[in-house]
Amino acid sequence: MPSLGRLHLITDTRPGRDSLAVLRAVLPMAGGELVVQVRVEDTATDREAYDLARRVVALCTPYAVTCLVNDRLHVALAAGAVGGHVGADDLPVEAARRVLGPAAVLGATAREPGSAAEAVTAGASYLGVGPCHATTTKDGLPPAIGVPGIRAVAEAVAVPVIAIGGVTAADVPELRAAGAYGVAVVGALSGVADPARAAAELIGALTC
Ligand SMILES: Cc1ncc(COP(=O)(O)OP(=O)(O)O)c(N)n1
Ligand SMILES: Cc1ncsc1CCOP(=O)(O)O
Ligand SMILES: [Mg+2]
């Protein structure tokens with residue numbers, strides 16, 4: 001299994017956002033710490049997801065940056081991604097692992113220690129844990145678990161914990177102190193004037 005980067009850039013395909021422009025800005029300075037997760041709206045067709053994933057894989061390959069696909073594991077396989085990410089409404093982790101195979105990177109969402117440990121037993125290679133803080137990026141999320149919630153999961157599992165939800169570079173020191181390995185962000189890179197600079201700040205905080 002390839003070593004996992006600490007900064008997970010999740011594509012923002014909401015209207016008015018340009019996820020490929022953000023990725024082009026971030027890739028040249030991110031080095032091995034970047035993971036890109038292709039995430040499309042639920043209303044997107046598989047063809048749209050596949051087309052975006054192919055473009056993201058093509059952009060990531062020259063930089064040896066890991067590309068994952070959220071939810072749609074057939075798209076991950078078809079597009080040549082390194083793996084995928086599943087949550088409670090997606091394929092169960094053990095089924096996702098069977099689909100992707102033993103060598104793939106497979107992320108699973110968790111928000112408390114019990115389900116986190118179960119996801120690892122079922123084959124997750126990392127956990128996306130949150131929402132850490134409140135966020136407007138996704139509707140219908142459960143309450144934020146805060147840094148203590150991240151710590152509780154990190155203490156319960158031996159795989160990398162990736163904190164998600166309203167995370168900025170300023171949050172990184174206390175998240176690392178709580179046991180988080182890395183962070184996954186949408187708005188902290190997509191909603192800013194200078195994504196390359198924002199990524200440099202995040203990676204600096206994650207690797208110092
Ligand atoms: C790294 C990471 N963590 C959590 C999620 C959320 O996945 P899920 O709960 O399945 O919700 P959707 O993203 O599918 O709406 C994630 N995508 N990545
Ligand atoms: C997909 C997802 N799952 C939990 S929070 C979230 C969105 C994170 O976006 P942001 O980094 O902008 O808060
Ligand atoms: Mg999902």
# chains A, B, ... in the order shown; residues from 1 in each chain; ligands from 1
>>> select_by_dssp(residues="segment 140-188 of chain A", states="helix (DSSP H, G or I)", output="PyMOL selection string")
chain A and resi 146-156+169-177+187-188
>>> write_last_selection(atoms="N, CA and C atoms", output="CSV table (one decimal), in the first residue's frame")
chain,number,residue,atom,x,y,z
A,146,GLY,N,-15.6,18.0,17.2
A,146,GLY,CA,-14.6,18.8,17.8
A,146,GLY,C,-13.3,18.0,17.9
A,147,VAL,N,-12.3,18.7,18.4
A,147,VAL,CA,-11.0,18.0,18.5
A,147,VAL,C,-11.0,16.8,19.5
A,148,PRO,N,-11.8,16.9,20.6
A,148,PRO,CA,-11.9,15.7,21.5
A,148,PRO,C,-12.5,14.5,20.7
A,149,GLY,N,-13.4,14.7,19.8
A,149,GLY,CA,-13.9,13.6,19.0
A,149,GLY,C,-12.8,13.0,18.1
A,150,ILE,N,-12.0,13.8,17.5
A,150,ILE,CA,-10.9,13.3,16.7
A,150,ILE,C,-10.0,12.5,17.6
A,151,ARG,N,-9.7,13.0,18.8
A,151,ARG,CA,-8.7,12.3,19.7
A,151,ARG,C,-9.3,11.0,20.1
A,152,ALA,N,-10.6,10.9,20.3
A,152,ALA,CA,-11.1,9.6,20.8
A,152,ALA,C,-11.0,8.5,19.7
A,153,VAL,N,-11.2,8.9,18.4
A,153,VAL,CA,-11.0,8.0,17.3
A,153,VAL,C,-9.6,7.6,17.1
A,154,ALA,N,-8.7,8.6,17.2
A,154,ALA,CA,-7.3,8.4,16.9
A,154,ALA,C,-6.7,7.4,18.0
A,155,GLU,N,-7.2,7.5,19.2
A,155,GLU,CA,-6.7,6.6,20.3
A,155,GLU,C,-7.2,5.2,20.1
A,156,ALA,N,-8.2,5.0,19.3
A,156,ALA,CA,-8.9,3.7,19.1
A,156,ALA,C,-8.4,2.9,18.0
A,169,ALA,N,-5.8,25.7,8.2
A,169,ALA,CA,-4.4,25.5,8.7
A,169,ALA,C,-4.2,25.9,10.1
A,170,ALA,N,-5.0,26.8,10.6
A,170,ALA,CA,-4.9,27.2,12.0
A,170,ALA,C,-5.3,26.1,13.0
A,171,ASP,N,-6.1,25.1,12.5
A,171,ASP,CA,-6.6,24.0,13.3
A,171,ASP,C,-5.5,22.9,13.4
A,172,VAL,N,-4.6,22.9,12.5
A,172,VAL,CA,-3.7,21.7,12.3
A,172,VAL,C,-2.9,21.4,13.6
A,173,PRO,N,-2.3,22.4,14.2
A,173,PRO,CA,-1.5,22.0,15.4
A,173,PRO,C,-2.2,21.2,16.5
A,174,GLU,N,-3.5,21.7,16.8
A,174,GLU,CA,-4.2,20.9,17.9
A,174,GLU,C,-4.7,19.6,17.3
A,175,LEU,N,-5.0,19.5,16.0
A,175,LEU,CA,-5.5,18.3,15.5
A,175,LEU,C,-4.3,17.2,15.5
A,176,ARG,N,-3.1,17.7,15.2
A,176,ARG,CA,-2.0,16.8,15.2
A,176,ARG,C,-1.7,16.3,16.7
A,177,ALA,N,-1.8,17.3,17.6
A,177,ALA,CA,-1.6,16.9,19.0
A,177,ALA,C,-2.7,15.9,19.5
A,187,GLY,N,-13.3,23.7,1.4
A,187,GLY,CA,-13.3,25.1,1.3
A,187,GLY,C,-12.0,25.8,1.6
A,188,ALA,N,-11.1,25.2,2.4
A,188,ALA,CA,-9.8,25.8,2.7
A,188,ALA,C,-8.9,25.9,1.5
>>> closest_atom_pairs(of="chain A", to="ligand 2", cutoff="6 Å", atoms="only C-alpha atoms and all ligand atoms", output="JSON lines")
{"residue": "A:Gly130", "atom": "CA", "partner": "ligand 2", "partner_atom_place_in_ligand_line": "4 (C)", "distance": 5.8}
{"residue": "A:Pro131", "atom": "CA", "partner": "ligand 2", "partner_atom_place_in_ligand_line": "5 (S)", "distance": 4.7}
{"residue": "A:Thr135", "atom": "CA", "partner": "ligand 2", "partner_atom_place_in_ligand_line": "13 (O)", "distance": 4.5}
{"residue": "A:Thr137", "atom": "CA", "partner": "ligand 2", "partner_atom_place_in_ligand_line": "12 (O)", "distance": 4.7}
{"residue": "A:Lys138", "atom": "CA", "partner": "ligand 2", "partner_atom_place_in_ligand_line": "7 (C)", "distance": 5.2}
{"residue": "A:Ile164", "atom": "CA", "partner": "ligand 2", "partner_atom_place_in_ligand_line": "5 (S)", "distance": 5.3}
{"residue": "A:Gly165", "atom": "CA", "partner": "ligand 2", "partner_atom_place_in_ligand_line": "5 (S)", "distance": 3.7}
{"residue": "A:Gly166", "atom": "CA", "partner": "ligand 2", "partner_atom_place_in_ligand_line": "13 (O)", "distance": 3.4}
{"residue": "A:Val167", "atom": "CA", "partner": "ligand 2", "partner_atom_place_in_ligand_line": "11 (O)", "distance": 5.5}
{"residue": "A:Val185", "atom": "CA", "partner": "ligand 2", "partner_atom_place_in_ligand_line": "11 (O)", "distance": 3.6}
{"residue": "A:Val186", "atom": "CA", "partner": "ligand 2", "partner_atom_place_in_ligand_line": "11 (O)", "distance": 3.9}
{"residue": "A:Gly187", "atom": "CA", "partner": "ligand 2", "partner_atom_place_in_ligand_line": "12 (O)", "distance": 3.5}
{"residue": "A:Ala188", "atom": "CA", "partner": "ligand 2", "partner_atom_place_in_ligand_line": "11 (O)", "distance": 5.9}
>>> write_last_selection(atoms="N, CA, C and O atoms", output="tab-separated table (two decimals), in the first residue's frame")
chain	number	residue	atom	x	y	z
A	130	GLY	N	-15.05	13.01	11.26
A	130	GLY	CA	-15.67	14.30	11.45
A	130	GLY	C	-17.18	14.22	11.33
A	130	GLY	O	-17.75	13.13	11.41
A	131	PRO	N	-17.86	15.36	11.12
A	131	PRO	CA	-17.23	16.67	10.92
A	131	PRO	C	-16.56	17.17	12.20
A	131	PRO	O	-17.16	17.11	13.28
A	135	THR	N	-19.50	23.22	9.14
A	135	THR	CA	-19.15	23.59	7.77
A	135	THR	C	-20.41	23.79	6.95
A	135	THR	O	-21.42	23.13	7.21
A	137	THR	N	-20.16	23.40	3.64
A	137	THR	CA	-19.85	22.74	2.37
A	137	THR	C	-20.79	21.58	2.07
A	137	THR	O	-21.12	21.33	0.91
A	138	LYS	N	-21.23	20.89	3.11
A	138	LYS	CA	-22.14	19.75	2.91
A	138	LYS	C	-23.35	19.92	3.82
A	138	LYS	O	-23.20	20.21	5.01
A	164	ILE	N	-11.80	15.95	9.09
A	164	ILE	CA	-12.54	16.63	8.02
A	164	ILE	C	-13.67	17.46	8.62
A	164	ILE	O	-14.24	17.09	9.64
A	165	GLY	N	-13.97	18.55	7.95
A	165	GLY	CA	-15.10	19.39	8.33
A	165	GLY	C	-14.66	20.72	8.92
A	165	GLY	O	-14.27	20.77	10.08
A	166	GLY	N	-14.71	21.77	8.09
A	166	GLY	CA	-14.39	23.11	8.57
A	166	GLY	C	-12.95	23.29	9.00
A	166	GLY	O	-12.65	24.18	9.80
A	167	VAL	N	-12.05	22.46	8.46
A	167	VAL	CA	-10.66	22.49	8.92
A	167	VAL	C	-9.86	23.55	8.13
A	167	VAL	O	-9.97	23.65	6.91
A	185	VAL	N	-9.85	18.67	3.15
A	185	VAL	CA	-10.48	19.99	3.05
A	185	VAL	C	-11.13	20.19	1.69
A	185	VAL	O	-10.65	19.69	0.67
A	186	VAL	N	-12.21	20.96	1.72
A	186	VAL	CA	-12.80	21.47	0.49
A	186	VAL	C	-12.58	22.99	0.49
A	186	VAL	O	-11.78	23.53	-0.27
A	187	GLY	N	-13.30	23.68	1.36
A	187	GLY	CA	-13.31	25.14	1.34
A	187	GLY	C	-11.96	25.78	1.60
A	187	GLY	O	-11.68	26.86	1.07
A	188	ALA	N	-11.11	25.17	2.38
A	188	ALA	CA	-9.83	25.79	2.72
A	188	ALA	C	-8.92	25.92	1.51
A	188	ALA	O	-7.96	26.70	1.52
>>> residues_around(residues="segment 195-197 of chain A", least_positions_apart="6", cutoff="9 Å", atoms="only C-alpha atoms", output="list of chain:residue names")
A:Val22, A:Leu23, A:Arg24, A:Ala25, A:Val26, A:Leu27, A:Pro28, A:Met29, A:Ala30, A:Ala188, A:Leu189
>>> write_last_selection(atoms="N, CA and C atoms", output="short mmCIF file (atom, residue, chain, number, x, y, z; two decimals), in the first residue's frame")
data_model
loop_
_atom_site.label_atom_id
_atom_site.label_comp_id
_atom_site.auth_asym_id
_atom_site.auth_seq_id
_atom_site.Cartn_x
_atom_site.Cartn_y
_atom_site.Cartn_z
N VAL A 22 -8.06 24.76 -9.25
CA VAL A 22 -7.47 24.66 -7.91
C VAL A 22 -6.39 23.58 -7.90
N LEU A 23 -6.69 22.44 -8.50
CA LEU A 23 -5.73 21.34 -8.52
C LEU A 23 -4.46 21.73 -9.29
N ARG A 24 -4.62 22.38 -10.42
CA ARG A 24 -3.44 22.81 -11.20
C ARG A 24 -2.57 23.77 -10.39
N ALA A 25 -3.18 24.59 -9.58
CA ALA A 25 -2.41 25.54 -8.77
C ALA A 25 -1.66 24.83 -7.63
N VAL A 26 -2.30 23.81 -7.07
CA VAL A 26 -1.74 23.17 -5.87
C VAL A 26 -0.68 22.12 -6.22
N LEU A 27 -0.88 21.37 -7.28
CA LEU A 27 -0.02 20.21 -7.58
C LEU A 27 1.48 20.54 -7.61
N PRO A 28 1.91 21.63 -8.26
CA PRO A 28 3.35 21.82 -8.39
C PRO A 28 4.09 22.04 -7.08
N MET A 29 3.36 22.45 -6.03
CA MET A 29 4.08 22.72 -4.78
C MET A 29 3.78 21.69 -3.68
N ALA A 30 2.93 20.72 -3.98
CA ALA A 30 2.43 19.87 -2.89
C ALA A 30 3.32 18.67 -2.60
N ALA A 188 -11.11 25.17 2.38
CA ALA A 188 -9.83 25.79 2.72
C ALA A 188 -8.92 25.92 1.51
N LEU A 189 -9.21 25.16 0.45
CA LEU A 189 -8.42 25.31 -0.79
C LEU A 189 -9.27 25.84 -1.94
#
>>> residues_near_ligand(ligand="ligand 3", cutoff="8 Å", atoms="only C-alpha atoms and all ligand atoms", output="list in words")
Asn70, Asp71, His85, Val86, Gly87, Ala88, Asp89, Asp90 and Thr109 of chain A
>>> residues_around(residues="segment 74-81 of chain A", least_positions_apart="4", cutoff="12 Å", atoms="only C-alpha atoms", output="ChimeraX atom specification")
/A:35-40,45-61,64-70,85-86,91,96,98-101,103-106
>>> closest_residue(among="A:Thr13, A:Leu20, A:Pro113, A:Tyr181", to="Thr43 of chain A", atoms="only C-alpha atoms")
A:Thr13
>>> closest_residue(among="A:Gly128, A:Pro15, A:Gly84, A:Gly107", to="ligand 1", atoms="only C-alpha atoms and all ligand atoms")
A:Gly128
